[in-house]
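J.: Contents are CSV, C-alpha atoms; file name target-v4.csv:
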chain,number,residue,atom,x,y,z
R,1,MET,CA,189.6,30.6,183.0
R,2,THR,CA,188.2,34.2,183.5
R,3,THR,CA,186.1,33.1,186.5
R,4,GLY,CA,189.1,31.5,188.3
R,5,ARG,CA,191.1,34.7,187.8
R,6,LYS,CA,188.4,36.9,189.3
R,7,THR,CA,188.1,34.6,192.4
R,8,THR,CA,191.9,34.7,192.9
R,9,THR,CA,191.9,38.5,192.6
R,10,MET,CA,189.1,38.9,195.2
R,11,PHE,CA,190.9,36.5,197.6
R,12,LEU,CA,194.2,38.4,197.4
R,13,THR,CA,192.4,41.8,197.8
R,14,VAL,CA,190.7,40.7,201.0
R,15,LEU,CA,193.9,39.2,202.3
R,16,CYS,CA,195.9,42.4,201.6
R,17,ALA,CA,193.2,44.5,203.2
R,18,LEU,CA,193.3,42.5,206.4
R,19,LEU,CA,197.1,42.6,206.6
R,20,LEU,CA,197.3,46.3,206.1
R,21,THR,CA,194.5,47.0,208.6
R,22,ILE,CA,196.3,45.1,211.2
R,23,LEU,CA,199.5,47.0,210.4
R,24,GLY,CA,197.7,50.3,210.5
R,25,LEU,CA,196.1,49.6,213.9
R,26,VAL,CA,199.5,48.6,215.4
R,27,GLN,CA,201.3,51.6,214.0
R,28,GLU,CA,198.4,54.0,214.7
R,29,TRP,CA,198.3,55.5,211.2
R,30,PRO,CA,196.7,58.9,210.6
R,31,LEU,CA,193.4,59.3,208.8
R,32,TRP,CA,195.1,60.1,205.4
R,33,ALA,CA,197.0,56.9,205.6
R,34,TRP,CA,193.8,54.9,205.9
R,35,ALA,CA,192.6,56.6,202.6
R,36,ALA,CA,195.8,55.6,200.8
R,37,LEU,CA,195.3,52.1,202.2
R,38,ALA,CA,191.9,51.8,200.6
R,39,VAL,CA,193.3,52.8,197.2
R,40,ALA,CA,196.1,50.4,197.4
R,41,VAL,CA,193.9,47.5,198.4
R,42,ALA,CA,191.7,48.1,195.4
R,43,GLY,CA,194.5,48.6,192.8
R,44,VAL,CA,197.6,46.6,193.7
R,45,PRO,CA,196.2,43.1,193.1
R,46,ALA,CA,194.9,44.0,189.6
R,47,ALA,CA,198.2,45.6,188.6
R,48,ALA,CA,200.1,42.6,189.8
R,49,PHE,CA,198.0,40.2,187.7
R,50,LYS,CA,198.5,42.4,184.6
R,51,ILE,CA,202.2,42.5,185.1
R,52,ALA,CA,202.3,38.7,185.5
R,53,ALA,CA,200.3,38.2,182.4
R,54,VAL,CA,202.7,40.3,180.3
R,55,ARG,CA,205.7,38.5,181.6
R,56,ARG,CA,204.1,35.2,180.9
R,57,GLY,CA,203.6,36.0,177.2
R,58,ALA,CA,205.8,34.0,174.8
R,59,LEU,CA,207.7,30.9,175.6
R,60,PRO,CA,211.5,30.9,175.5
R,61,ALA,CA,213.0,30.0,172.1
R,62,ASP,CA,215.0,27.1,173.7
R,63,PHE,CA,211.8,25.7,175.1
R,64,THR,CA,209.9,25.9,171.9
R,65,ASN,CA,212.4,23.6,170.1
R,66,PHE,CA,211.1,20.7,172.3
R,67,ILE,CA,207.5,21.2,171.5
R,68,PRO,CA,206.3,18.3,169.2
R,69,ALA,CA,204.9,19.3,165.8
R,70,ALA,CA,201.2,19.0,165.3
R,71,PRO,CA,200.6,15.5,163.8
R,72,ILE,CA,199.5,15.3,160.2
R,73,GLU,CA,196.3,13.4,159.7
R,74,ARG,CA,197.0,10.5,157.4
R,75,ARG,CA,194.8,7.7,156.1
R,76,GLU,CA,195.3,4.7,153.8
R,77,HIS,CA,193.2,2.3,151.8
R,78,ARG,CA,194.2,-0.9,149.9
R,79,VAL,CA,193.0,-1.5,146.3
R,80,SER,CA,193.5,-4.8,144.6
R,81,ARG,CA,193.5,-6.0,140.9
R,82,VAL,CA,191.8,-2.9,139.4
R,83,SER,CA,191.8,-3.1,135.6
R,84,LEU,CA,193.7,-0.3,133.8
R,85,PRO,CA,193.9,0.0,130.0
R,86,SER,CA,197.1,-0.7,127.9
R,87,ASN,CA,197.7,0.6,124.4
R,88,TRP,CA,196.7,-2.8,123.0
R,89,ASP,CA,193.0,-3.4,122.6
R,90,ASP,CA,191.5,-6.0,124.9
R,91,TYR,CA,194.7,-6.3,127.0
R,92,GLU,CA,194.4,-4.8,130.5
R,93,PHE,CA,196.8,-4.4,133.4
R,94,LEU,CA,195.7,-5.4,136.9
R,95,PHE,CA,196.7,-2.7,139.4
R,96,SER,CA,197.1,-3.2,143.2
R,97,ALA,CA,198.5,-0.7,145.7
R,98,THR,CA,198.1,0.9,149.1
R,99,VAL,CA,196.7,4.4,148.7
R,100,ARG,CA,197.7,7.0,151.3
R,101,TRP,CA,196.4,10.5,151.8
R,102,HIS,CA,196.1,13.4,154.2
R,103,PRO,CA,193.5,16.2,154.0
R,104,LEU,CA,194.3,19.8,153.0
R,105,GLU,CA,192.8,22.9,154.6
R,106,THR,CA,189.6,23.8,152.8
R,107,HIS,CA,187.8,27.1,152.9
R,108,GLY,CA,184.1,26.6,152.4
R,109,ASP,CA,181.1,24.6,153.5
R,110,ASP,CA,181.8,21.6,151.2
R,111,PRO,CA,182.7,18.7,153.5
R,112,VAL,CA,184.6,15.6,152.3
R,113,LEU,CA,182.3,12.8,153.1
R,114,ASN,CA,184.4,10.0,151.5
R,115,PRO,CA,188.1,10.9,151.4
R,116,ALA,CA,189.1,7.2,150.6
R,117,GLY,CA,187.0,7.4,147.4
R,118,LEU,CA,188.6,10.7,146.4
R,119,ALA,CA,192.1,9.4,147.1
R,120,VAL,CA,191.6,6.1,145.1
R,121,GLU,CA,190.1,8.0,142.2
R,122,ALA,CA,193.0,10.4,142.1
R,123,ILE,CA,195.5,7.5,142.1
R,124,LEU,CA,193.7,5.5,139.4
R,125,ASP,CA,193.6,8.6,137.2
R,126,ARG,CA,197.3,9.1,137.5
R,127,ALA,CA,198.0,5.4,136.9
R,128,ARG,CA,195.7,5.2,133.9
R,129,THR,CA,197.5,8.2,132.2
R,130,LEU,CA,200.7,6.1,132.2
R,131,THR,CA,199.4,2.6,131.5
R,132,GLU,CA,197.3,3.5,128.5
R,133,GLN,CA,200.6,4.5,126.7
R,134,ARG,CA,202.4,1.2,127.5
R,135,GLU,CA,202.4,-2.2,125.8
R,136,PRO,CA,201.2,-5.2,128.0
R,137,GLY,CA,204.4,-7.0,127.3
R,138,GLN,CA,206.3,-4.4,129.4
R,139,VAL,CA,204.3,-5.1,132.6
R,140,SER,CA,207.4,-5.4,134.8
R,141,PHE,CA,208.9,-2.2,133.6
R,142,VAL,CA,205.6,-0.3,133.9
R,143,GLN,CA,205.2,-1.5,137.5
R,144,HIS,CA,208.5,0.3,138.4
R,145,GLU,CA,207.4,3.4,136.4
R,146,LEU,CA,204.2,3.5,138.5
R,147,SER,CA,206.1,3.2,141.7
R,148,GLY,CA,208.0,6.3,140.8
R,149,ALA,CA,205.1,8.3,139.4
R,150,LEU,CA,202.7,7.6,142.3
R,151,GLY,CA,205.3,7.7,145.1
R,152,ARG,CA,204.9,11.5,145.7
R,153,MET,CA,202.1,13.3,147.5
R,154,ARG,CA,200.1,15.3,145.1
R,155,PRO,CA,196.7,17.1,145.4
R,156,ASP,CA,193.6,15.6,143.9
R,157,ARG,CA,191.7,17.5,141.3
R,158,ALA,CA,189.3,19.1,143.8
R,159,GLY,CA,192.1,20.2,146.1
R,160,HIS,CA,190.7,18.4,149.2
R,161,LEU,CA,193.5,15.8,149.7
R,162,ARG,CA,197.2,15.1,149.0
R,163,VAL,CA,197.5,11.5,147.7
R,164,MET,CA,200.2,8.9,147.0
R,165,ALA,CA,200.5,5.1,146.5
R,166,GLU,CA,203.0,2.5,147.6
R,167,ASN,CA,203.4,-1.3,147.6
R,168,ILE,CA,202.4,-1.3,143.9
R,169,THR,CA,202.0,-4.5,141.9
R,170,LEU,CA,201.1,-4.7,138.3
R,171,THR,CA,200.1,-8.0,136.5
R,172,LEU,CA,198.1,-9.3,133.6
R,173,HIS,CA,195.2,-11.7,133.3
R,174,GLU,CA,196.8,-15.2,133.2
R,175,PRO,CA,195.3,-16.0,129.7
R,176,ASP,CA,196.7,-12.7,128.3
R,177,GLN,CA,200.1,-13.5,129.7
R,178,GLU,CA,200.1,-16.9,128.1
R,179,ARG,CA,199.1,-15.4,124.7
R,180,LEU,CA,201.9,-12.8,125.0
R,181,ASN,CA,204.4,-15.6,125.7
R,182,ARG,CA,203.2,-17.6,122.7
R,183,LEU,CA,203.4,-14.5,120.5
R,184,ALA,CA,206.9,-13.8,121.6
R,185,GLU,CA,207.9,-17.4,120.7
R,186,VAL,CA,206.3,-17.1,117.3
R,187,ARG,CA,208.1,-13.8,116.6
R,188,LYS,CA,211.4,-15.3,117.6
R,189,ASP,CA,210.8,-18.4,115.4
R,190,GLU,CA,209.7,-16.1,112.5
R,191,ALA,CA,212.9,-14.1,112.8
R,192,VAL,CA,215.0,-17.2,112.6
R,193,TRP,CA,213.0,-18.5,109.7
R,194,GLU,CA,213.2,-15.2,107.9
R,195,HIS,CA,217.0,-15.1,108.2
R,196,GLN,CA,217.2,-18.8,107.1
R,197,ARG,CA,214.9,-18.0,104.1
R,198,LYS,CA,217.1,-15.0,103.1
R,199,TYR,CA,220.2,-17.1,103.4
R,200,GLU,CA,218.8,-19.9,101.2
R,201,GLN,CA,217.4,-17.4,98.7
R,202,SER,CA,220.8,-15.7,98.5
R,203,MET,CA,222.5,-19.1,98.1
R,204,ARG,CA,220.1,-20.1,95.3
R,205,GLU,CA,220.7,-16.8,93.5
R,206,TYR,CA,224.4,-17.3,93.9
R,207,LEU,CA,224.4,-20.9,92.6
R,208,GLY,CA,221.9,-20.4,89.8
R,209,ALA,CA,222.8,-17.0,88.5
R,210,ASP,CA,226.5,-17.1,89.1
R,211,VAL,CA,228.2,-20.4,89.9
R,212,LEU,CA,226.1,-22.7,87.7
R,213,LYS,CA,225.1,-20.2,85.0
R,214,ASP,CA,227.2,-22.3,82.6
R,215,THR,CA,230.1,-24.7,82.6
R,216,GLY,CA,232.7,-22.0,82.5
R,217,SER,CA,231.4,-20.4,85.6
R,218,ALA,CA,231.3,-23.7,87.4
R,219,VAL,CA,234.9,-24.4,86.4
R,220,VAL,CA,236.1,-21.1,87.9
R,221,TRP,CA,234.1,-21.7,91.1
R,222,TRP,CA,235.5,-25.2,91.3
R,223,LEU,CA,239.1,-23.9,91.0
R,224,ALA,CA,238.5,-21.5,93.8
R,225,LYS,CA,237.0,-24.2,96.0
R,226,ASN,CA,240.0,-26.5,95.4
R,227,ASP,CA,242.7,-23.9,96.0
R,228,ASN,CA,243.5,-23.6,92.3
R,229,HIS,CA,244.4,-27.3,91.9
R,230,ILE,CA,244.2,-27.3,88.1
R,231,GLU,CA,244.7,-31.0,87.7
R,232,ARG,CA,241.8,-31.9,89.9
R,233,THR,CA,239.6,-29.3,88.2
R,234,VAL,CA,240.5,-30.8,84.8
R,235,ALA,CA,239.6,-34.2,86.0
R,236,ASP,CA,236.3,-33.0,87.2
R,237,LEU,CA,235.3,-31.2,84.0
R,238,GLY,CA,232.8,-33.9,83.2
R,239,LEU,CA,231.1,-33.7,86.6
R,240,LEU,CA,230.9,-29.9,86.4
R,241,ALA,CA,229.3,-30.2,82.9
R,242,GLN,CA,226.7,-32.7,84.3
R,243,LEU,CA,226.0,-30.4,87.3
R,244,THR,CA,225.5,-27.3,85.2
R,245,SER,CA,223.1,-29.2,82.9
R,246,ALA,CA,221.2,-30.6,85.9
R,247,ALA,CA,220.9,-27.1,87.5
R,248,ASN,CA,219.6,-25.6,84.3
R,249,ASP,CA,217.6,-28.7,83.3
R,250,THR,CA,219.2,-28.8,79.8
R,251,ASP,CA,221.0,-31.4,77.8
R,252,ILE,CA,224.7,-31.8,78.1
R,253,PRO,CA,226.3,-30.0,75.1
R,254,ASP,CA,227.8,-32.3,72.5
R,255,ARG,CA,231.2,-30.6,72.8
R,256,LEU,CA,231.4,-31.7,76.5
R,257,ARG,CA,230.2,-35.3,76.1
R,258,GLY,CA,233.7,-36.4,75.3
R,259,LEU,CA,234.9,-34.8,78.6
R,260,ILE,CA,232.3,-36.8,80.5
R,261,ALA,CA,233.4,-40.1,78.9
R,262,ALA,CA,237.1,-39.3,79.6
R,263,SER,CA,236.8,-38.0,83.1
R,264,ASP,CA,234.1,-40.1,84.6
R,265,GLU,CA,233.5,-43.8,84.8
R,266,PRO,CA,230.0,-44.2,86.1
R,267,SER,CA,228.5,-47.5,86.9
R,268,THR,CA,225.6,-46.7,84.7
R,269,PRO,CA,226.5,-46.0,81.1
R,270,VAL,CA,226.4,-42.4,80.1
R,271,GLY,CA,223.8,-41.8,77.5
R,272,PRO,CA,220.6,-40.0,76.7
R,273,GLU,CA,218.7,-42.3,79.0
R,274,GLN,CA,220.4,-40.8,82.1
R,275,THR,CA,218.5,-38.2,84.1
R,276,ALA,CA,219.7,-35.2,86.0
R,277,PRO,CA,219.6,-37.0,89.4
R,278,ASP,CA,221.8,-39.7,87.9
R,279,HIS,CA,224.5,-37.1,87.1
R,280,PHE,CA,224.0,-35.3,90.4
R,281,GLU,CA,225.1,-38.3,92.5
R,282,ALA,CA,228.3,-38.5,90.5
R,283,PHE,CA,228.9,-34.9,91.2
R,284,LEU,CA,228.4,-35.3,95.0
R,285,THR,CA,230.7,-38.3,95.2
R,286,GLY,CA,233.2,-36.5,93.0
R,287,MET,CA,233.3,-33.7,95.7
R,288,GLY,CA,234.3,-36.3,98.2
R,289,LEU,CA,230.9,-36.2,100.0
R,290,THR,CA,229.2,-39.3,101.4
R,291,ARG,CA,225.6,-40.0,102.5
R,292,GLY,CA,224.9,-38.7,106.0
R,293,ASP,CA,227.2,-35.8,105.6
R,294,ASP,CA,225.6,-32.5,106.4
R,295,LYS,CA,227.1,-30.9,103.3
R,296,TRP,CA,225.6,-33.7,101.1
R,297,ALA,CA,222.0,-32.8,102.3
R,298,MET,CA,222.6,-29.0,102.3
R,299,LEU,CA,224.0,-29.0,98.7
R,300,THR,CA,221.2,-31.3,97.5
R,301,LYS,CA,218.5,-28.9,98.9
R,302,GLN,CA,220.2,-25.8,97.5
R,303,ILE,CA,220.5,-27.3,94.0
R,304,ALA,CA,216.9,-28.5,94.2
R,305,ASP,CA,215.8,-25.0,95.0
R,306,VAL,CA,217.7,-23.6,92.0
R,307,ILE,CA,216.0,-26.2,89.7
R,308,ARG,CA,212.6,-25.1,91.0
R,309,THR,CA,213.3,-21.6,89.8
R,310,GLN,CA,213.3,-23.1,86.3
R,311,ASP,CA,209.8,-24.6,87.0
R,312,LYS,CA,211.3,-28.2,86.9
R,313,HIS,CA,209.6,-29.4,90.1
R,314,GLU,CA,209.7,-33.1,89.2
R,315,THR,CA,213.4,-33.0,88.8
R,316,ALA,CA,213.9,-31.2,92.1
R,317,ASP,CA,211.6,-33.7,93.9
R,318,GLU,CA,213.6,-36.6,92.5
R,319,LEU,CA,216.8,-35.1,93.7
R,320,LEU,CA,215.4,-34.6,97.2
R,321,ARG,CA,213.9,-38.1,97.3
R,322,ARG,CA,217.1,-39.7,96.4
R,323,TYR,CA,219.7,-37.6,98.2
R,324,ASP,CA,217.9,-35.7,101.0
R,325,PRO,CA,214.9,-37.7,102.0
R,326,PRO,CA,212.8,-36.3,105.0
R,327,ALA,CA,213.3,-37.8,108.4
R,328,ASP,CA,209.9,-39.5,108.4
R,329,PHE,CA,210.5,-41.1,105.0
R,330,ALA,CA,210.5,-44.8,105.9
R,331,THR,CA,212.0,-46.3,102.8
R,332,SER,CA,215.6,-46.0,101.7
R,333,ALA,CA,216.8,-43.6,99.1
R,334,ASP,CA,217.2,-46.4,96.6
R,335,ASP,CA,213.6,-47.7,97.0
R,336,PRO,CA,211.3,-45.8,94.7
R,337,GLN,CA,208.1,-45.2,96.7
R,338,ASP,CA,205.6,-42.3,96.8
R,339,GLU,CA,207.5,-39.1,96.5
R,340,PRO,CA,207.3,-36.7,99.5
R,341,GLU,CA,205.7,-33.4,99.0
R,342,HIS,CA,208.0,-30.3,98.9
R,343,PRO,CA,206.8,-26.7,98.8
R,344,ALA,CA,207.3,-25.0,95.5
Show this structure as structure tokens.

T.:
Amino acid sequence: MTTGRKTTTMFLTVLCALLLTILGLVQEWPLWAWAALAVAVAGVPAAAFKIAAVRRGALPADFTNFIPAAPIERREHRVSRVSLPSNWDDYEFLFSATVRWHPLETHGDDPVLNPAGLAVEAILDRARTLTEQREPGQVSFVQHELSGALGRMRPDRAGHLRVMAENITLTLHEPDQERLNRLAEVRKDEAVWEHQRKYEQSMREYLGADVLKDTGSAVVWWLAKNDNHIERTVADLGLLAQLTSAANDTDIPDRLRGLIAASDEPSTPVGPEQTAPDHFEAFLTGMGLTRGDDKWAMLTKQIADVIRTQDKHETADELLRRYDPPADFATSADDPQDEPEHPA
């Protein structure tokens, strides 16, 4: 650039000298004019170049608005199915993403030989900090969390790059996902079973400790069940006495045996040879229930559970065998075969 400027200056100087010489000869200048001419030839071109350089200094503001900004150097690298820890032992997330970065200005003689490696390391560190605090069952939610946490350009630890990630996917190993699905089903079934167990336990306590505590309590309960129909309750006194005795596995009091004979006409004679299950069928039919009715089976099971609390498991098993046989029990309720097992 400097050499071209000097050549141009010399050319203009020679040209000006020739023009002024011709003009001086034509006009017949005096000697002192020729001396001034020499000074002008030497100084005018240099001064002209200096003035032009000053005027050419900064570009107009309107023009600078159209100058494109210097492009930012950006790079990217794809990582796929990188294992990241969760807060459950032996369960890992699989992380995939596109890592993007651009270099920062560094001062020193420490060159960045592998910017992709530095960028990937920075992203994995940021992702690990989040995933190790999350449960593997939250994989979909954690994926969206990572998209927000890694979607901003941030410097790496060494300050060489600014790094972000996009197109993030987060999954689990397929066997781990299947295990989690099974665990979820078990937890749901366990919750249902627990509620059912508490209901049955509450019902046993209610029947055993309150309703069937004695015949008087049973009579009051029966009145409430039958909308205070006193006549029907009086007619069922014998059945209530039998039910109370069966629930507590005790003999029917002598003072109530007359009520049983007066209020009930069983096909089998009432006497000491009758068992609690014999009386229980009369109670069920007296309530207007029939075999196959859901209430028949439910009440049988509840009464059997109450009897078990008195350590009378044989009586409870006999009730269930007769009046609530299991679905896979092939024989009829009236055919005495091997008794099915029931948990104590």

J.: Any idea what the distance is between CA of Phe283 (chain R) and CA of Lys198 (chain R)?

T.: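 Those two atoms sit 26.0 Å apart.
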
J.: Please, what distance in Å, to one decimal, runs between CA of Leu104 (chain R) and CA of Leu161 (chain R)?

T.: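 These atoms are spaced 5.2 Å apart.
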
J.: Rounded to one decimal, what separation in Å do you get between CA of Asn226 (chain R) and CA of Asp251 (chain R)?

T.: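 Between CA of Asn226 (chain R) and CA of Asp251 (chain R) the gap works out to 26.4 Å.
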
J.: Just the residues within 12 Å of region 116-127 of chain R, please, counting only C-alpha atoms, with nothing from its chain fewer than 5 positions along; format it as an MDAnalysis selection string.

T.: chainID R and resid 74:86 93:103 132:134 142:166 168:170

J.: Here is a test: counting all atoms listed in the file, which residue of R:Tyr323, R:Ile307, R:Glu318, R:Gly208 is nearest to Glu281 (chain R)?

T.: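 The answer is R:Tyr323, which sits nearest to Glu281 (chain R).
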
J.: Could I get region 192-215 of chain R rebuilt with N, CA, C and O atoms, written as an mmCIF file, keeping the file's coordinate frame?

T.:
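This is the output file rebuild-v6.cif:
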data_model
loop_
_atom_site.group_PDB
_atom_site.id
_atom_site.type_symbol
_atom_site.label_atom_id
_atom_site.label_comp_id
_atom_site.auth_asym_id
_atom_site.auth_seq_id
_atom_site.Cartn_x
_atom_site.Cartn_y
_atom_site.Cartn_z
ATOM 1 N N VAL R 192 214.039 -16.194 113.022
ATOM 2 C CA VAL R 192 215.000 -17.200 112.600
ATOM 3 C C VAL R 192 214.678 -17.728 111.219
ATOM 4 O O VAL R 192 215.564 -17.869 110.352
ATOM 5 N N TRP R 193 213.387 -18.016 110.988
ATOM 6 C CA TRP R 193 213.000 -18.500 109.700
ATOM 7 C C TRP R 193 213.253 -17.510 108.591
ATOM 8 O O TRP R 193 213.695 -17.867 107.492
ATOM 9 N N GLU R 194 213.009 -16.254 108.854
ATOM 10 C CA GLU R 194 213.200 -15.200 107.900
ATOM 11 C C GLU R 194 214.715 -15.100 107.502
ATOM 12 O O GLU R 194 215.081 -14.979 106.319
ATOM 13 N N HIS R 195 215.581 -15.167 108.510
ATOM 14 C CA HIS R 195 217.000 -15.100 108.200
ATOM 15 C C HIS R 195 217.437 -16.366 107.419
ATOM 16 O O HIS R 195 218.239 -16.258 106.486
ATOM 17 N N GLN R 196 216.884 -17.534 107.780
ATOM 18 C CA GLN R 196 217.200 -18.800 107.100
ATOM 19 C C GLN R 196 216.722 -18.676 105.613
ATOM 20 O O GLN R 196 217.409 -19.088 104.676
ATOM 21 N N ARG R 197 215.504 -18.131 105.429
ATOM 22 C CA ARG R 197 214.900 -18.000 104.100
ATOM 23 C C ARG R 197 215.801 -17.085 103.222
ATOM 24 O O ARG R 197 216.087 -17.374 102.067
ATOM 25 N N LYS R 198 216.218 -15.963 103.812
ATOM 26 C CA LYS R 198 217.100 -15.000 103.100
ATOM 27 C C LYS R 198 218.402 -15.678 102.699
ATOM 28 O O LYS R 198 218.939 -15.447 101.607
ATOM 29 N N TYR R 199 218.925 -16.470 103.645
ATOM 30 C CA TYR R 199 220.200 -17.100 103.400
ATOM 31 C C TYR R 199 220.045 -18.126 102.206
ATOM 32 O O TYR R 199 220.864 -18.160 101.277
ATOM 33 N N GLU R 200 218.971 -18.930 102.256
ATOM 34 C CA GLU R 200 218.800 -19.900 101.200
ATOM 35 C C GLU R 200 218.463 -19.226 99.873
ATOM 36 O O GLU R 200 218.921 -19.681 98.813
ATOM 37 N N GLN R 201 217.694 -18.140 99.920
ATOM 38 C CA GLN R 201 217.400 -17.400 98.700
ATOM 39 C C GLN R 201 218.692 -16.829 98.096
ATOM 40 O O GLN R 201 218.912 -16.886 96.878
ATOM 41 N N SER R 202 219.529 -16.274 98.967
ATOM 42 C CA SER R 202 220.800 -15.700 98.500
ATOM 43 C C SER R 202 221.675 -16.838 97.902
ATOM 44 O O SER R 202 222.338 -16.644 96.863
ATOM 45 N N MET R 203 221.665 -18.007 98.563
ATOM 46 C CA MET R 203 222.500 -19.100 98.100
ATOM 47 C C MET R 203 221.952 -19.606 96.709
ATOM 48 O O MET R 203 222.738 -19.900 95.795
ATOM 49 N N ARG R 204 220.631 -19.672 96.538
ATOM 50 C CA ARG R 204 220.100 -20.100 95.300
ATOM 51 C C ARG R 204 220.454 -19.133 94.145
ATOM 52 O O ARG R 204 220.823 -19.540 93.039
ATOM 53 N N GLU R 205 220.327 -17.837 94.464
ATOM 54 C CA GLU R 205 220.700 -16.800 93.500
ATOM 55 C C GLU R 205 222.175 -16.938 93.106
ATOM 56 O O GLU R 205 222.564 -16.788 91.944
ATOM 57 N N TYR R 206 222.969 -17.172 94.136
ATOM 58 C CA TYR R 206 224.400 -17.300 93.900
ATOM 59 C C TYR R 206 224.739 -18.480 93.023
ATOM 60 O O TYR R 206 225.499 -18.372 92.044
ATOM 61 N N LEU R 207 224.143 -19.647 93.354
ATOM 62 C CA LEU R 207 224.400 -20.900 92.600
ATOM 63 C C LEU R 207 223.812 -20.784 91.191
ATOM 64 O O LEU R 207 224.461 -21.115 90.183
ATOM 65 N N GLY R 208 222.549 -20.348 91.116
ATOM 66 C CA GLY R 208 221.900 -20.400 89.800
ATOM 67 C C GLY R 208 222.319 -19.293 88.872
ATOM 68 O O GLY R 208 222.490 -19.542 87.673
ATOM 69 N N ALA R 209 222.498 -18.070 89.378
ATOM 70 C CA ALA R 209 222.800 -17.000 88.500
ATOM 71 C C ALA R 209 224.296 -16.722 88.324
ATOM 72 O O ALA R 209 224.702 -15.979 87.420
ATOM 73 N N ASP R 210 225.102 -17.347 89.160
ATOM 74 C CA ASP R 210 226.500 -17.100 89.100
ATOM 75 C C ASP R 210 227.333 -18.377 88.890
ATOM 76 O O ASP R 210 227.896 -18.626 87.817
ATOM 77 N N VAL R 211 227.339 -19.239 89.901
ATOM 78 C CA VAL R 211 228.200 -20.400 89.900
ATOM 79 C C VAL R 211 227.798 -21.368 88.736
ATOM 80 O O VAL R 211 228.638 -21.815 87.938
ATOM 81 N N LEU R 212 226.522 -21.720 88.649
ATOM 82 C CA LEU R 212 226.100 -22.700 87.700
ATOM 83 C C LEU R 212 225.381 -22.128 86.477
ATOM 84 O O LEU R 212 224.568 -22.775 85.826
ATOM 85 N N LYS R 213 225.709 -20.896 86.191
ATOM 86 C CA LYS R 213 225.100 -20.200 85.000
ATOM 87 C C LYS R 213 225.517 -20.994 83.742
ATOM 88 O O LYS R 213 224.716 -21.177 82.846
ATOM 89 N N ASP R 214 226.748 -21.437 83.694
ATOM 90 C CA ASP R 214 227.200 -22.300 82.600
ATOM 91 C C ASP R 214 228.440 -23.034 83.079
ATOM 92 O O ASP R 214 228.917 -22.856 84.210
ATOM 93 N N THR R 215 228.953 -23.884 82.227
ATOM 94 C CA THR R 215 230.100 -24.700 82.600
ATOM 95 C C THR R 215 231.315 -23.934 82.959
ATOM 96 O O THR R 215 232.062 -24.250 83.892
#
